Amino acid sequence: MRRFCALVLALTVTFIFIVSPLNVSAVPSDGILRNQSQGEEVVNLQMRLRDLGYFNYKVTGHFGAATAGAVRLFQEINGLSPDGVAGPQTLEILYSTAAIRFTARPTQVSEFLPVSRGGRSSLGVMVDWFESGRYIFPRGATARIIDLRTGRSFNIKRTGGTNHADSEAISSDDSRIIREIWGGWDWERRAVIVEIGGARIAASMNGMPHGYEAIGNNAMQGHFCVHFYNSRLHVNNRECPEHQAMVRRAAGQ
C-alpha cells in the first residue's frame, strides 16, 4: 500500500511539471524589455538590433548595459525618446520595414588635425561629441590616449556607449599603465588627449573599470568612460561638470 501511494505521488508531481512548466522568463507581463529582462524576447531583440547594425556583441538573452545602449542608439536615430527601454512604440518601429539602419557616418578627420607652427601642440581640439566626436571615434575603433599631466600613453578600444565612449584597454600592458597613472583603479577624472587618425581630441577619462566588458585577457574587468566636449552621462543623460572641466583643460582652456 505504501509503495502504491508513493507511486501515485510521484506520478502526480511528474504530471504537474509536465502540464505546468516553470516560467523561467524574466520578461515583465507588460511586455516592456528593460534592464535585467531575459528570455526569448530579449534574444529576438538583440538579434534584430544586430541585424540593423546597433548591437555588436554576443546574443545572450540577457538585457544588460550593452543592450540598453544599443536600444538607446536605435531610439535616437529613429526619432524616439532615447531612454534605453524597449517599450511598445520602440518595438513596433524596430520590427517594421521603416526601421533605420545604423551606418557610421564618414567624418573628415583632417578637419581636426593640428596646424603646423614649427612644432607640435601638446593640447587637443574641442570636438562636440554628438556632432563629430562619436563619428571620429566610432564603436570598434582604437585610439591612443595621452595623459596630459604625465605625458604617458596607452591604447584603448571603444566598445560601446551612446552619450560618451565606453572603452577598454586593449592589452594587459595598457591596463598596467592606466593603473600606474591613476595610482590604482580610481574614479578620478583626468584630462587626456585622444589621438586617432592623426587628430588630437581634448577629452576626459576616469580610471575605474565598471559594467560590461567586451575584451578579454586585458587585466581589467569592465569598461571606463571617455568624455568629449558636450558628451553626457548614461545614467541621467546630463553633462558631468567634472568631465567637462577636464575636457577644457585638455584643450588649454
# chains A, B, ... in the order shown; residues from 1 in each chain; ligands from 1
$ residues_around --residues "Gln89 (chain A)" --least-positions-apart "5" --cutoff "12 Å" --atoms "only C-alpha atoms" --output "count of residues only"
13
$ residues_around --residues "region 202-212 of chain A" --least-positions-apart "5" --cutoff "9 Å" --atoms "only C-alpha atoms" --output "PDB file with C-alpha atoms, in the first residue's frame"
ATOM      1  CA  GLY A  64      22.213  44.485 -19.739  1.00  0.00           C
ATOM      2  CA  ALA A  65      24.086  47.735 -20.271  1.00  0.00           C
ATOM      3  CA  ALA A  66      25.232  46.836 -23.804  1.00  0.00           C
ATOM      4  CA  LEU A 123      46.907  70.099 -26.330  1.00  0.00           C
ATOM      5  CA  GLY A 124      43.792  68.765 -28.020  1.00  0.00           C
ATOM      6  CA  VAL A 125      40.986  70.209 -30.118  1.00  0.00           C
ATOM      7  CA  MET A 126      37.499  70.687 -28.682  1.00  0.00           C
ATOM      8  CA  VAL A 127      35.181  68.424 -30.671  1.00  0.00           C
ATOM      9  CA  GLU A 168      38.551  49.262 -22.664  1.00  0.00           C
ATOM     10  CA  ILE A 178      46.381  53.060 -16.580  1.00  0.00           C
ATOM     11  CA  ARG A 179      46.747  51.775 -13.017  1.00  0.00           C
ATOM     12  CA  ILE A 181      48.881  56.770 -13.936  1.00  0.00           C
ATOM     13  CA  TRP A 182      45.804  56.750 -11.695  1.00  0.00           C
ATOM     14  CA  GLY A 184      45.253  52.092  -8.987  1.00  0.00           C
ATOM     15  CA  TRP A 185      41.723  51.827 -10.298  1.00  0.00           C
ATOM     16  CA  ASP A 186      40.123  55.175  -9.458  1.00  0.00           C
ATOM     17  CA  TRP A 187      37.102  57.306 -10.415  1.00  0.00           C
ATOM     18  CA  GLU A 188      39.278  60.431 -10.721  1.00  0.00           C
ATOM     19  CA  ARG A 189      38.609  62.372 -13.935  1.00  0.00           C
ATOM     20  CA  ARG A 190      41.800  63.288 -15.758  1.00  0.00           C
ATOM     21  CA  ALA A 191      42.456  65.485 -18.781  1.00  0.00           C
ATOM     22  CA  VAL A 192      43.586  63.338 -21.702  1.00  0.00           C
ATOM     23  CA  ILE A 193      44.214  63.589 -25.430  1.00  0.00           C
ATOM     24  CA  VAL A 194      42.524  61.052 -27.708  1.00  0.00           C
ATOM     25  CA  MET A 220      40.679  44.647 -16.265  1.00  0.00           C
ATOM     26  CA  GLN A 221      37.031  43.788 -15.706  1.00  0.00           C
ATOM     27  CA  GLY A 222      34.518  46.167 -17.248  1.00  0.00           C
ATOM     28  CA  HIS A 223      34.973  49.408 -19.173  1.00  0.00           C
ATOM     29  CA  PHE A 224      35.808  53.018 -18.369  1.00  0.00           C
ATOM     30  CA  CYS A 225      34.325  56.255 -19.698  1.00  0.00           C
ATOM     31  CA  VAL A 226      35.897  58.695 -22.145  1.00  0.00           C
ATOM     32  CA  HIS A 227      34.111  62.043 -22.489  1.00  0.00           C
ATOM     33  CA  PHE A 228      34.375  64.640 -25.244  1.00  0.00           C
ATOM     34  CA  TYR A 229      33.004  68.194 -25.321  1.00  0.00           C
ATOM     35  CA  GLU A 242      33.988  67.310 -13.692  1.00  0.00           C
ATOM     36  CA  HIS A 243      34.468  65.598 -17.051  1.00  0.00           C
ATOM     37  CA  GLN A 244      33.716  68.796 -18.990  1.00  0.00           C
ATOM     38  CA  ALA A 245      36.230  70.734 -16.865  1.00  0.00           C
ATOM     39  CA  MET A 246      38.906  68.176 -17.763  1.00  0.00           C
ATOM     40  CA  VAL A 247      37.975  68.388 -21.459  1.00  0.00           C
ATOM     41  CA  ARG A 248      38.504  72.148 -21.360  1.00  0.00           C
ATOM     42  CA  ARG A 249      41.819  71.666 -19.556  1.00  0.00           C
ATOM     43  CA  ALA A 250      42.947  69.232 -22.251  1.00  0.00           C
ATOM     44  CA  ALA A 251      42.148  71.950 -24.810  1.00  0.00           C
ATOM     45  CA  GLY A 252      44.126  74.548 -22.879  1.00  0.00           C
TER      46      GLY A 252
END
$ residues_around --residues "Ala70 (chain A)" --least-positions-apart "3" --cutoff "7 Å" --atoms "only C-alpha atoms" --output "PyMOL selection string"
chain A and resi 54-55+66-67+73-74
$ closest_residue --among "A:Leu91, A:Val235, A:Ile136, A:Ile146" --to "Val42 (chain A)" --atoms "only C-alpha atoms"
A:Leu91
$ closest_residue --among "A:Ala141, A:Val59, A:Val71, A:Val85" --to "Glu40 (chain A)" --atoms "only C-alpha atoms"
A:Val59
$ closest_residue --among "A:Gly39, A:Arg139, A:Glu76, A:Asn163" --to "Asn236 (chain A)" --atoms "only C-alpha atoms"
A:Asn163
$ atom_distance --atom1 "CA of Asp83 (chain A)" --atom2 "CA of Glu213 (chain A)"
21.3 Å
$ atom_distance --atom1 "CA of Ala98 (chain A)" --atom2 "CA of Asp166 (chain A)"
28.7 Å
$ closest_residue --among "A:Val43, A:Ile145, A:Ala165, A:Ile77" --to "Leu233 (chain A)" --atoms "only C-alpha atoms"
A:Ala165
$ residues_around --residues "Ala68 (chain A)" --least-positions-apart "6" --cutoff "8 Å" --atoms "only C-alpha atoms" --output "ChimeraX atom specification"
/A:34-35,84-85
$ write_last_selection --atoms "N, CA and C atoms" --output "compact mmCIF listing (two decimals), in the first residue's frame"
# COMPACT_ATOMS: atom_id res chain seq x y z
N ARG A 34 13.50 45.74 -20.51
CA ARG A 34 14.35 46.73 -19.85
C ARG A 34 15.50 46.01 -19.15
N ASN A 35 16.31 46.77 -18.44
CA ASN A 35 17.46 46.20 -17.74
C ASN A 35 17.06 45.02 -16.85
N GLY A 84 16.53 53.91 -23.52
CA GLY A 84 17.15 52.59 -23.39
C GLY A 84 16.20 51.49 -22.99
N VAL A 85 14.89 51.76 -23.01
CA VAL A 85 13.87 50.78 -22.65
C VAL A 85 13.07 50.43 -23.92
$ closest_residue --among "A:Phe102, A:Ser122, A:Glu41, A:Glu239" --to "Arg149 (chain A)" --atoms "only C-alpha atoms"
A:Ser122
$ select_by_dssp --residues "region 194-237 of chain A" --states "strand (DSSP E or B)" --output "ChimeraX atom specification"
/A:194-196,199-207,210,223-227,229
$ select_by_dssp --residues "region 37-248 of chain A" --states "alpha helix (DSSP H)" --output "PyMOL selection string"
chain A and resi 40-51+65-77+88-94+134-136+172-182+241-248
$ residues_around --residues "Asn155 (chain A)" --least-positions-apart "2" --cutoff "7 Å" --atoms "only C-alpha atoms" --output "count of residues only"
6
